[in-house]
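One structure is given here, and the rest of the page talks about it.
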2 protein chains.
Amino acid sequence: MTDLAMNLDPAPAAPVDVLGVLDGVSQQEGLPDLAAALARLRDYVGEDLVQVEQALQSVPRAKDVVGRSLEHLLTLEGKRLRPLCVALSSRIADPSRPAPVSLATAVELVHSATLLHDDVVDAGSMRRGRPTARVLYGNAASVFAGDWLLIEALRRVQQAKLPEVTDNLLETIDEMIRAEALQLECRGRLVFDEATYFSIIEGKTAALFRWAMFAGGRAGGLDEAGCAALQAYGMDLGVAFQIVDDALDLVGDAAQTGKALFCDLHEGKMTFPLLVGAARDPALPGLVEEAMANEAGSITPEAARRVMDSLHRTEALAATQARAQAFARRARGHLAALKDGSAKDALVLVAEAAVHRNK
Amino acid sequence: MTDLAMNLDPAPAAPVDVLGVLDGVSQQEGLPDLAAALARLRDYVGEDLVQVEQALQSVPRAKDVVGRSLEHLLTLEGKRLRPLCVALSSRIADPSRPAPVSLATAVELVHSATLLHDDVVDAGSMRRGRPTARVLYGNAASVFAGDWLLIEALRRVQQAKLPEVTDNLLETIDEMIRAEALQLECRGRLVFDEATYFSIIEGKTAALFRWAMFAGGRAGGLDEAGCAALQAYGMDLGVAFQIVDDALDLVGDAAQTGKALFCDLHEGKMTFPLLVGAARDPALPGLVEEAMANEAGSITPEAARRVMDSLHRTEALAATQARAQAFARRARGHLAALKDGSAKDALVLVAEAAVHRNK
């Protein structure tokens, strides 16, 4: 049975911070203004992100498989966009305030916990492929590792001694789980329905961005109205972010995103490009169904090509990008209510960059 | 994929409360004093337990598979011993105080959440048998259902507005998960080591009893020393309870316990009778290993008989019962520090009855 412990972890990858990601994009796409703004942002919150990274890397982890699951996820993960949201929103009221590192760390831990549990659910969906002993053992360790990260996150939030921030996080996680349950229920049933789609992504992705903004705002001493504006920003930013994620599943560069293409499609998850495509090409749902029906445990290149042809023909990918940009624009609009300053400028930049990323 | 949603739930069973369980035992074993004491206890906390049951049954649940997983567990589960601990400990300082129903409900929700996640882990251990699509689907729903119950429990604890009770619960759950991780790591490796065994059961079982006593004590306005005595009681009660559980896995009546015999053995979990038996019969570890090595996904009757023969010969089961009683006695001893009254009498009774139960 001990051999089940083997090979849980793929080769480790260096953590990448969101500034690095955005930097790369701005250079690549020839956006010198964005690059310059990012350099200022790095000066502004770089030290906060270093502290968050240190906190994440010093989260205690046992030598058992649960500890190794944590280790794997925390060293592998990525953009640290949610901690950045906490850090920036905490400086709206008073730019000189130190960022609440425990809250910024906590939001990444909650995100990591949901990733671990989503992995179990998605491994559960590998029924067409290889439900090996390794997958089963990984499930068990990931369940406990996710549970533990969630609790660790809550402990760090409690340290801030802001009961309403804890309450709001518990409500947020409640929403996240309900959305995951809805996605699970819809999986493979191809619900081409925009209302259902938005219910899912608002809960599974945007709600935690909303909390990050609220937590930062509150910790930074911002008033009720200011926190409400930040929360509205968080929701729209989160929706924009998820829509871009959906697009990257179809057109991303696997070497950049670190994920294989067509994962969502393979797992039977509805994404925004498919939603737009289906509204414009009545044949698309059939093509998607065919692609998913492959019993070999993956989407065949031929089936993928037919889906992509439809999406290109209907300009669904361009429409997806446009919609993400519209949400990012609306996110920036909510900031009008807040007083001007570096933190606000940075949040404008984050919304801009979230839709220009390539990973 | 939708067929995976089928047959998640076995036939529903009526909830049984701990008083009913103890009542049956006391009549069966001809313990009229215990029966009379239980009648008084029923008068004393019966209404609290009815309120907890109502709260549990009105926990909102969606119509999706996650909701159905919750529904299944909350209507099936049983003894409500942990809520009873909260109710009784809340009355030590002032017997006329209403019991903190939200905390008493929360402890059962935490317990239920851990059961859901343990089920996933144990389904993960069905590697020798049938990792069917049904099992995989159940895993996904149970992961989210467990997550949601944990959050729901924490929300109810927050309602009590006692930050140290929330903090203590988070620390407790942290301990529970670490113990589960240790048990997972040891599974199938047959660690015949008493220190490891106690580390596991203190974390996975006793810690939550300890929190139940602390939460009740704090909510009831008990002082620091009183709460410490209650927590010590909770630990020893929990250990006694788990040792009896271990014995019931081997000699229980499946119709009473609702569980098949030899579950722990089949799942490669160390139990107290095996620990004692191995210390007295050097052949036992080999017999247990043989029993577990059966690839058919269950323990053969012949292998089970040989294990049981060894345990009877070495009087390991009698020693197990004696050890459980010793812990129950020590639990009662901690109550000496507390002022006399009905709640204290009831806790004495609970410790007595926990080692005399047959389910």
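Letters A, B, ... go to the chains of the structure tokens in the order shown; residues in each chain start at 1; ligands are counted from 1 in the same order.
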- Query: Residues at most 12 Å from Arg313 in chain A, counting only C-alpha atoms, excluding those fewer than 3 positions away in the same chain, as a list in words?
  - Reply: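 With the cut-off at 12 Å, the set is Val276, Gly277, Ala278, Arg280, Asp281, Ala283, Leu284, Arg305, Arg306, Val307, Met308, Asp309, Ser310, Ala316, Leu317, Ala318 and Ala319 of chain A.
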- Task: From the DSSP assignment of the backbone, select every residue of range 92-285 of chain B that is alpha helix (DSSP H), and format the answer as number ranges by chain.
- Result: B: 101-124, 133-159, 163-186, 194-201, 207-219, 224-251, 254-257, 263-266, 272-280, 284-285
Please provide as a PDB file with N, CA and C atoms, in the first residue's frame all residues within 10 Å of Pro60 in chain B, with the sequence filter that same-chain residues fewer than 6 positions apart are discarded (counting only C-alpha atoms).
```pdb
ATOM      1  N   GLY B  67     -26.327  18.396  -2.044  1.00  0.00           N
ATOM      2  CA  GLY B  67     -27.432  18.502  -1.088  1.00  0.00           C
ATOM      3  C   GLY B  67     -27.930  17.143  -0.645  1.00  0.00           C
ATOM      4  N   LEU B  70     -25.622  15.620   1.923  1.00  0.00           N
ATOM      5  CA  LEU B  70     -25.885  16.204   3.239  1.00  0.00           C
ATOM      6  C   LEU B  70     -27.105  15.562   3.875  1.00  0.00           C
ATOM      7  N   GLU B  71     -28.165  15.567   3.103  1.00  0.00           N
ATOM      8  CA  GLU B  71     -29.453  15.033   3.537  1.00  0.00           C
ATOM      9  C   GLU B  71     -29.272  13.618   4.085  1.00  0.00           C
ATOM     10  N   GLU B 152     -20.624  25.757   7.340  1.00  0.00           N
ATOM     11  CA  GLU B 152     -21.904  25.998   8.015  1.00  0.00           C
ATOM     12  C   GLU B 152     -21.716  25.898   9.534  1.00  0.00           C
TER      13      GLU B 152
END
```
- Message: Show me, as a ChimeraX atom specification, the residues that have an atom within 9 Å of Glu289 in chain B when counting only C-alpha atoms, minus same-chain residues fewer than 6 positions from it.
- Response: /B:188,190,268
- Residue neighbourhood range 174-176 of chain B, 12 Å, only C-alpha atoms, exclusion window fewer than 2 positions, as a VMD selection string: (chain A and resid 60 to 61 144 to 155) or (chain B and resid 110 to 111 113 to 115 117 to 118 167 to 172 178 to 183 199 to 211)
Those residues you just picked out, can you put them in a file as a PDB file, in the first residue's frame with C-alpha atoms?
```pdb
ATOM      1  CA  PRO A  60       4.032  24.173   8.190  1.00  0.00           C
ATOM      2  CA  ARG A  61       3.744  20.901   6.329  1.00  0.00           C
ATOM      3  CA  PHE A 144      -7.247  16.395   3.936  1.00  0.00           C
ATOM      4  CA  ALA A 145      -4.725  18.872   2.547  1.00  0.00           C
ATOM      5  CA  GLY A 146      -7.563  21.065   1.261  1.00  0.00           C
ATOM      6  CA  ASP A 147      -9.405  20.821   4.569  1.00  0.00           C
ATOM      7  CA  TRP A 148      -6.283  21.779   6.413  1.00  0.00           C
ATOM      8  CA  LEU A 149      -5.499  24.766   4.187  1.00  0.00           C
ATOM      9  CA  LEU A 150      -9.037  26.053   4.632  1.00  0.00           C
ATOM     10  CA  ILE A 151      -8.688  25.888   8.398  1.00  0.00           C
ATOM     11  CA  GLU A 152      -5.226  27.438   8.269  1.00  0.00           C
ATOM     12  CA  ALA A 153      -6.643  30.280   6.182  1.00  0.00           C
ATOM     13  CA  LEU A 154      -9.434  30.878   8.687  1.00  0.00           C
ATOM     14  CA  ARG A 155      -6.958  30.892  11.559  1.00  0.00           C
TER      15      ARG A 155
ATOM     16  CA  VAL B 110     -18.240  19.342  12.200  1.00  0.00           C
ATOM     17  CA  HIS B 111     -18.498  15.655  13.069  1.00  0.00           C
ATOM     18  CA  ALA B 113     -18.242  16.964   7.770  1.00  0.00           C
ATOM     19  CA  THR B 114     -15.382  14.750   8.900  1.00  0.00           C
ATOM     20  CA  LEU B 115     -17.491  11.644   8.283  1.00  0.00           C
ATOM     21  CA  HIS B 117     -14.503  13.342   4.025  1.00  0.00           C
ATOM     22  CA  ASP B 118     -13.493  10.135   5.783  1.00  0.00           C
ATOM     23  CA  ASP B 167     -10.283  29.985  17.583  1.00  0.00           C
ATOM     24  CA  ASN B 168     -10.391  26.840  19.687  1.00  0.00           C
ATOM     25  CA  LEU B 169     -12.533  25.062  17.084  1.00  0.00           C
ATOM     26  CA  LEU B 170     -10.112  25.988  14.302  1.00  0.00           C
ATOM     27  CA  GLU B 171      -7.221  24.601  16.369  1.00  0.00           C
ATOM     28  CA  THR B 172      -9.268  21.494  17.082  1.00  0.00           C
ATOM     29  CA  ARG B 178      -3.310  16.102  11.294  1.00  0.00           C
ATOM     30  CA  ALA B 179      -4.481  12.922  13.030  1.00  0.00           C
ATOM     31  CA  GLU B 180      -6.383  11.800   9.941  1.00  0.00           C
ATOM     32  CA  ALA B 181      -3.257  12.445   7.881  1.00  0.00           C
ATOM     33  CA  LEU B 182      -1.220  10.328  10.287  1.00  0.00           C
ATOM     34  CA  GLN B 183      -3.800   7.544  10.120  1.00  0.00           C
ATOM     35  CA  SER B 199      -1.897  10.295  18.754  1.00  0.00           C
ATOM     36  CA  ILE B 200      -4.381   9.287  16.097  1.00  0.00           C
ATOM     37  CA  ILE B 201      -7.445   8.748  18.271  1.00  0.00           C
ATOM     38  CA  GLU B 202      -6.820  11.781  20.457  1.00  0.00           C
ATOM     39  CA  GLY B 203      -6.786  13.895  17.328  1.00  0.00           C
ATOM     40  CA  LYS B 204      -9.444  12.280  15.235  1.00  0.00           C
ATOM     41  CA  THR B 205     -11.994  11.622  17.992  1.00  0.00           C
ATOM     42  CA  ALA B 206     -11.185  13.053  21.398  1.00  0.00           C
ATOM     43  CA  ALA B 207     -10.248  16.591  20.329  1.00  0.00           C
ATOM     44  CA  LEU B 208     -13.788  17.342  19.154  1.00  0.00           C
ATOM     45  CA  PHE B 209     -15.260  16.091  22.453  1.00  0.00           C
ATOM     46  CA  ARG B 210     -12.807  18.399  24.178  1.00  0.00           C
ATOM     47  CA  TRP B 211     -14.024  21.324  22.097  1.00  0.00           C
TER      48      TRP B 211
END
```
- Message: Quick check, in Å to one decimal: how far apart do CA of Ala353 in chain B and CA of Tyr44 in chain B lie?
- Response: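 Separation between CA of Ala353 in chain B and CA of Tyr44 in chain B: 16.5 Å.
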- Task: Write out as an NGL selection string each polymer residue whose atoms come within 7 Å of Arg91 in chain A, counting only C-alpha atoms; drop sequence neighbours fewer than 5 positions from it.
- Result: :A and (97 or 220 or 343)
May I have the residues from that selection written out with N, CA and C atoms, as a tab-separated table (two decimals), in the first residue's frame?
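Ended up saving to again-v2.tsv:
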```
chain	number	residue	atom	x	y	z
A	97	ARG	N	-0.17	52.76	5.17
A	97	ARG	CA	-0.45	51.61	6.05
A	97	ARG	C	0.27	50.35	5.60
A	220	GLY	N	-7.80	48.09	6.08
A	220	GLY	CA	-7.20	49.39	5.84
A	220	GLY	C	-8.01	50.56	6.38
A	343	ALA	N	-2.75	53.34	-4.93
A	343	ALA	CA	-3.43	52.05	-4.79
A	343	ALA	C	-4.55	51.95	-5.83
```
- Return the single residue from A:Ile243, A:Ala328, A:Ala337, A:Ala141 that is closest to chain B, with distances computed using only C-alpha atoms.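 Between A:Ile243, A:Ala328, A:Ala337, A:Ala141, the residue approaching chain B most closely is A:Ala141.
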So that I can check the surroundings of range 228-238 of chain A, please list as a PDB file with N, CA and C atoms, in the first residue's frame every protein, DNA and RNA residue that reaches within 10 Å of it, counting only C-alpha atoms and ignoring chain neighbours fewer than 2 positions away.
```
ATOM      1  N   ARG A  82      -4.845  37.299  -5.999  1.00  0.00           N
ATOM      2  CA  ARG A  82      -5.755  37.581  -4.888  1.00  0.00           C
ATOM      3  C   ARG A  82      -5.031  38.291  -3.730  1.00  0.00           C
ATOM      4  N   CYS A  85      -4.712  41.832  -4.599  1.00  0.00           N
ATOM      5  CA  CYS A  85      -5.966  42.573  -4.385  1.00  0.00           C
ATOM      6  C   CYS A  85      -6.104  43.003  -2.928  1.00  0.00           C
ATOM      7  N   SER A  89      -6.107  46.970  -1.898  1.00  0.00           N
ATOM      8  CA  SER A  89      -7.337  47.544  -1.329  1.00  0.00           C
ATOM      9  C   SER A  89      -7.098  48.037   0.096  1.00  0.00           C
ATOM     10  N   ILE A  92      -6.126  51.873   0.082  1.00  0.00           N
ATOM     11  CA  ILE A  92      -6.982  52.918  -0.510  1.00  0.00           C
ATOM     12  C   ILE A  92      -7.186  54.069   0.483  1.00  0.00           C
ATOM     13  N   ILE A 201     -19.666  30.979 -12.303  1.00  0.00           N
ATOM     14  CA  ILE A 201     -18.361  31.667 -12.215  1.00  0.00           C
ATOM     15  C   ILE A 201     -18.354  32.777 -11.168  1.00  0.00           C
ATOM     16  N   GLU A 202     -19.502  33.408 -10.938  1.00  0.00           N
ATOM     17  CA  GLU A 202     -19.555  34.407  -9.863  1.00  0.00           C
ATOM     18  C   GLU A 202     -19.239  33.740  -8.529  1.00  0.00           C
ATOM     19  N   GLY A 203     -19.800  32.553  -8.332  1.00  0.00           N
ATOM     20  CA  GLY A 203     -19.559  31.861  -7.071  1.00  0.00           C
ATOM     21  C   GLY A 203     -18.177  31.262  -6.989  1.00  0.00           C
ATOM     22  N   LYS A 204     -17.781  30.536  -8.024  1.00  0.00           N
ATOM     23  CA  LYS A 204     -16.528  29.781  -7.883  1.00  0.00           C
ATOM     24  C   LYS A 204     -15.297  30.662  -7.992  1.00  0.00           C
ATOM     25  N   THR A 205     -15.378  31.764  -8.718  1.00  0.00           N
ATOM     26  CA  THR A 205     -14.194  32.599  -8.940  1.00  0.00           C
ATOM     27  C   THR A 205     -14.338  34.015  -8.384  1.00  0.00           C
ATOM     28  N   ALA A 206     -15.414  34.701  -8.766  1.00  0.00           N
ATOM     29  CA  ALA A 206     -15.494  36.136  -8.456  1.00  0.00           C
ATOM     30  C   ALA A 206     -15.696  36.399  -6.966  1.00  0.00           C
ATOM     31  N   ALA A 207     -16.433  35.530  -6.274  1.00  0.00           N
ATOM     32  CA  ALA A 207     -16.749  35.786  -4.862  1.00  0.00           C
ATOM     33  C   ALA A 207     -15.478  35.949  -4.017  1.00  0.00           C
ATOM     34  N   LEU A 208     -14.456  35.161  -4.317  1.00  0.00           N
ATOM     35  CA  LEU A 208     -13.230  35.249  -3.514  1.00  0.00           C
ATOM     36  C   LEU A 208     -12.456  36.544  -3.819  1.00  0.00           C
ATOM     37  N   PHE A 209     -12.514  37.006  -5.065  1.00  0.00           N
ATOM     38  CA  PHE A 209     -11.935  38.323  -5.377  1.00  0.00           C
ATOM     39  C   PHE A 209     -12.685  39.411  -4.611  1.00  0.00           C
ATOM     40  N   ARG A 210     -14.007  39.275  -4.550  1.00  0.00           N
ATOM     41  CA  ARG A 210     -14.820  40.239  -3.798  1.00  0.00           C
ATOM     42  C   ARG A 210     -14.381  40.271  -2.336  1.00  0.00           C
ATOM     43  N   TRP A 211     -14.196  39.064  -1.756  1.00  0.00           N
ATOM     44  CA  TRP A 211     -13.759  39.023  -0.355  1.00  0.00           C
ATOM     45  C   TRP A 211     -12.374  39.652  -0.192  1.00  0.00           C
ATOM     46  N   ALA A 212     -11.465  39.379  -1.127  1.00  0.00           N
ATOM     47  CA  ALA A 212     -10.106  39.940  -1.046  1.00  0.00           C
ATOM     48  C   ALA A 212     -10.175  41.462  -0.962  1.00  0.00           C
ATOM     49  N   MET A 213     -11.064  42.051  -1.764  1.00  0.00           N
ATOM     50  CA  MET A 213     -11.203  43.510  -1.765  1.00  0.00           C
ATOM     51  C   MET A 213     -11.816  44.007  -0.455  1.00  0.00           C
ATOM     52  N   PHE A 214     -12.815  43.266   0.022  1.00  0.00           N
ATOM     53  CA  PHE A 214     -13.479  43.640   1.277  1.00  0.00           C
ATOM     54  C   PHE A 214     -12.501  43.547   2.449  1.00  0.00           C
ATOM     55  N   ALA A 215     -11.786  42.427   2.493  1.00  0.00           N
ATOM     56  CA  ALA A 215     -10.861  42.187   3.607  1.00  0.00           C
ATOM     57  C   ALA A 215      -9.792  43.274   3.648  1.00  0.00           C
ATOM     58  N   GLY A 216      -9.229  43.580   2.483  1.00  0.00           N
ATOM     59  CA  GLY A 216      -8.218  44.625   2.414  1.00  0.00           C
ATOM     60  C   GLY A 216      -8.795  45.980   2.822  1.00  0.00           C
ATOM     61  N   GLY A 217      -9.953  46.299   2.265  1.00  0.00           N
ATOM     62  CA  GLY A 217     -10.598  47.580   2.563  1.00  0.00           C
ATOM     63  C   GLY A 217     -10.855  47.744   4.056  1.00  0.00           C
ATOM     64  N   LEU A 222     -11.121  51.471   5.620  1.00  0.00           N
ATOM     65  CA  LEU A 222     -11.987  52.144   4.646  1.00  0.00           C
ATOM     66  C   LEU A 222     -13.444  52.118   5.126  1.00  0.00           C
ATOM     67  N   ASP A 223     -14.209  53.150   4.746  1.00  0.00           N
ATOM     68  CA  ASP A 223     -15.610  53.211   5.177  1.00  0.00           C
ATOM     69  C   ASP A 223     -16.487  52.227   4.390  1.00  0.00           C
ATOM     70  N   GLU A 224     -17.741  52.113   4.831  1.00  0.00           N
ATOM     71  CA  GLU A 224     -18.725  51.184   4.267  1.00  0.00           C
ATOM     72  C   GLU A 224     -18.865  51.347   2.743  1.00  0.00           C
ATOM     73  N   ALA A 225     -19.058  52.603   2.321  1.00  0.00           N
ATOM     74  CA  ALA A 225     -19.279  52.871   0.892  1.00  0.00           C
ATOM     75  C   ALA A 225     -18.043  52.504   0.074  1.00  0.00           C
ATOM     76  N   GLY A 226     -16.876  52.804   0.613  1.00  0.00           N
ATOM     77  CA  GLY A 226     -15.636  52.468  -0.072  1.00  0.00           C
ATOM     78  C   GLY A 226     -15.493  50.957  -0.218  1.00  0.00           C
ATOM     79  N   ALA A 240     -14.255  38.809 -15.137  1.00  0.00           N
ATOM     80  CA  ALA A 240     -13.368  39.039 -16.283  1.00  0.00           C
ATOM     81  C   ALA A 240     -12.237  38.005 -16.287  1.00  0.00           C
ATOM     82  N   PHE A 241     -11.665  37.807 -15.119  1.00  0.00           N
ATOM     83  CA  PHE A 241     -10.554  36.866 -14.960  1.00  0.00           C
ATOM     84  C   PHE A 241     -10.968  35.460 -15.402  1.00  0.00           C
ATOM     85  N   GLN A 242     -12.162  35.026 -14.974  1.00  0.00           N
ATOM     86  CA  GLN A 242     -12.616  33.670 -15.297  1.00  0.00           C
ATOM     87  C   GLN A 242     -12.918  33.529 -16.789  1.00  0.00           C
ATOM     88  N   ILE A 243     -13.475  34.569 -17.375  1.00  0.00           N
ATOM     89  CA  ILE A 243     -13.777  34.501 -18.809  1.00  0.00           C
ATOM     90  C   ILE A 243     -12.478  34.363 -19.606  1.00  0.00           C
ATOM     91  N   VAL A 244     -11.441  35.099 -19.186  1.00  0.00           N
ATOM     92  CA  VAL A 244     -10.135  34.963 -19.846  1.00  0.00           C
ATOM     93  C   VAL A 244      -9.583  33.546 -19.643  1.00  0.00           C
ATOM     94  N   ALA A 324     -14.866  39.989 -21.679  1.00  0.00           N
ATOM     95  CA  ALA A 324     -13.940  40.085 -20.541  1.00  0.00           C
ATOM     96  C   ALA A 324     -13.508  41.543 -20.366  1.00  0.00           C
ATOM     97  N   GLN A 325     -13.232  42.194 -21.493  1.00  0.00           N
ATOM     98  CA  GLN A 325     -12.818  43.602 -21.410  1.00  0.00           C
ATOM     99  C   GLN A 325     -13.934  44.489 -20.865  1.00  0.00           C
ATOM    100  N   ALA A 326     -15.166  44.161 -21.235  1.00  0.00           N
ATOM    101  CA  ALA A 326     -16.307  44.945 -20.730  1.00  0.00           C
ATOM    102  C   ALA A 326     -16.416  44.812 -19.211  1.00  0.00           C
ATOM    103  N   PHE A 327     -16.217  43.605 -18.718  1.00  0.00           N
ATOM    104  CA  PHE A 327     -16.257  43.415 -17.256  1.00  0.00           C
ATOM    105  C   PHE A 327     -15.101  44.154 -16.581  1.00  0.00           C
ATOM    106  N   ALA A 328     -13.932  44.099 -17.201  1.00  0.00           N
ATOM    107  CA  ALA A 328     -12.771  44.792 -16.623  1.00  0.00           C
ATOM    108  C   ALA A 328     -13.021  46.300 -16.587  1.00  0.00           C
ATOM    109  N   ARG A 329     -13.671  46.797 -17.636  1.00  0.00           N
ATOM    110  CA  ARG A 329     -13.989  48.227 -17.710  1.00  0.00           C
ATOM    111  C   ARG A 329     -14.974  48.588 -16.595  1.00  0.00           C
ATOM    112  N   ARG A 330     -15.989  47.752 -16.432  1.00  0.00           N
ATOM    113  CA  ARG A 330     -16.967  48.015 -15.383  1.00  0.00           C
ATOM    114  C   ARG A 330     -16.306  47.962 -14.008  1.00  0.00           C
ATOM    115  N   ALA A 331     -15.364  47.011 -13.857  1.00  0.00           N
ATOM    116  CA  ALA A 331     -14.615  46.915 -12.591  1.00  0.00           C
ATOM    117  C   ALA A 331     -13.920  48.248 -12.305  1.00  0.00           C
ATOM    118  N   ARG A 332     -13.227  48.777 -13.319  1.00  0.00           N
ATOM    119  CA  ARG A 332     -12.516  50.055 -13.143  1.00  0.00           C
ATOM    120  C   ARG A 332     -13.491  51.175 -12.813  1.00  0.00           C
ATOM    121  N   GLY A 333     -14.675  51.120 -13.418  1.00  0.00           N
ATOM    122  CA  GLY A 333     -15.694  52.146 -13.168  1.00  0.00           C
ATOM    123  C   GLY A 333     -16.075  52.255 -11.701  1.00  0.00           C
ATOM    124  N   HIS A 334     -16.127  51.124 -11.011  1.00  0.00           N
ATOM    125  CA  HIS A 334     -16.504  51.149  -9.593  1.00  0.00           C
ATOM    126  C   HIS A 334     -15.498  51.932  -8.749  1.00  0.00           C
ATOM    127  N   LEU A 335     -14.282  52.057  -9.272  1.00  0.00           N
ATOM    128  CA  LEU A 335     -13.235  52.732  -8.499  1.00  0.00           C
ATOM    129  C   LEU A 335     -13.436  54.246  -8.463  1.00  0.00           C
ATOM    130  N   ALA A 336     -14.303  54.767  -9.336  1.00  0.00           N
ATOM    131  CA  ALA A 336     -14.534  56.217  -9.391  1.00  0.00           C
ATOM    132  C   ALA A 336     -14.954  56.765  -8.032  1.00  0.00           C
ATOM    133  N   ALA A 337     -15.660  55.951  -7.267  1.00  0.00           N
ATOM    134  CA  ALA A 337     -16.152  56.390  -5.958  1.00  0.00           C
ATOM    135  C   ALA A 337     -15.027  56.565  -4.929  1.00  0.00           C
ATOM    136  N   LEU A 338     -13.857  56.041  -5.247  1.00  0.00           N
ATOM    137  CA  LEU A 338     -12.768  56.040  -4.250  1.00  0.00           C
ATOM    138  C   LEU A 338     -11.806  57.195  -4.464  1.00  0.00           C
ATOM    139  N   LEU A 347      -5.026  49.374  -8.993  1.00  0.00           N
ATOM    140  CA  LEU A 347      -6.191  48.524  -9.234  1.00  0.00           C
ATOM    141  C   LEU A 347      -6.709  48.693 -10.665  1.00  0.00           C
ATOM    142  N   VAL A 348      -6.608  49.914 -11.191  1.00  0.00           N
ATOM    143  CA  VAL A 348      -6.968  50.147 -12.599  1.00  0.00           C
ATOM    144  C   VAL A 348      -6.090  49.269 -13.496  1.00  0.00           C
ATOM    145  N   VAL A 350      -4.455  46.541 -12.627  1.00  0.00           N
ATOM    146  CA  VAL A 350      -4.722  45.110 -12.438  1.00  0.00           C
ATOM    147  C   VAL A 350      -5.899  44.673 -13.311  1.00  0.00           C
ATOM    148  N   ALA A 351      -6.932  45.492 -13.351  1.00  0.00           N
ATOM    149  CA  ALA A 351      -8.097  45.143 -14.169  1.00  0.00           C
ATOM    150  C   ALA A 351      -7.725  45.116 -15.650  1.00  0.00           C
ATOM    151  N   GLU A 352      -6.894  46.058 -16.031  1.00  0.00           N
ATOM    152  CA  GLU A 352      -6.404  46.117 -17.413  1.00  0.00           C
ATOM    153  C   GLU A 352      -5.622  44.848 -17.746  1.00  0.00           C
ATOM    154  N   ALA A 354      -5.468  41.950 -16.189  1.00  0.00           N
ATOM    155  CA  ALA A 354      -6.116  40.638 -16.008  1.00  0.00           C
ATOM    156  C   ALA A 354      -6.688  40.116 -17.319  1.00  0.00           C
ATOM    157  N   VAL A 355      -7.060  41.051 -18.208  1.00  0.00           N
ATOM    158  CA  VAL A 355      -7.608  40.599 -19.493  1.00  0.00           C
ATOM    159  C   VAL A 355      -6.550  40.556 -20.595  1.00  0.00           C
TER     160      VAL A 355
END
```
- Item | Option closest in space to chain A, from B:Leu73, B:Ala195, B:Val65, B:Leu311 [counting only C-alpha atoms] |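 Ranking B:Leu73, B:Ala195, B:Val65, B:Leu311 by distance to chain A, first place goes to B:Val65.
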- Message: Quick check, in Å to one decimal: how far apart do CA of Val191 in chain A and CA of Ala62 in chain B lie?
- Response: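 Separation of CA of Val191 in chain A and CA of Ala62 in chain B: 18.1 Å.
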- Task: Grab the CA of His266 in chain B to CA of Ser112 in chain B distance for me, in Å with one decimal place.
- Result: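 Between CA of His266 in chain B and CA of Ser112 in chain B the gap works out to 22.2 Å.
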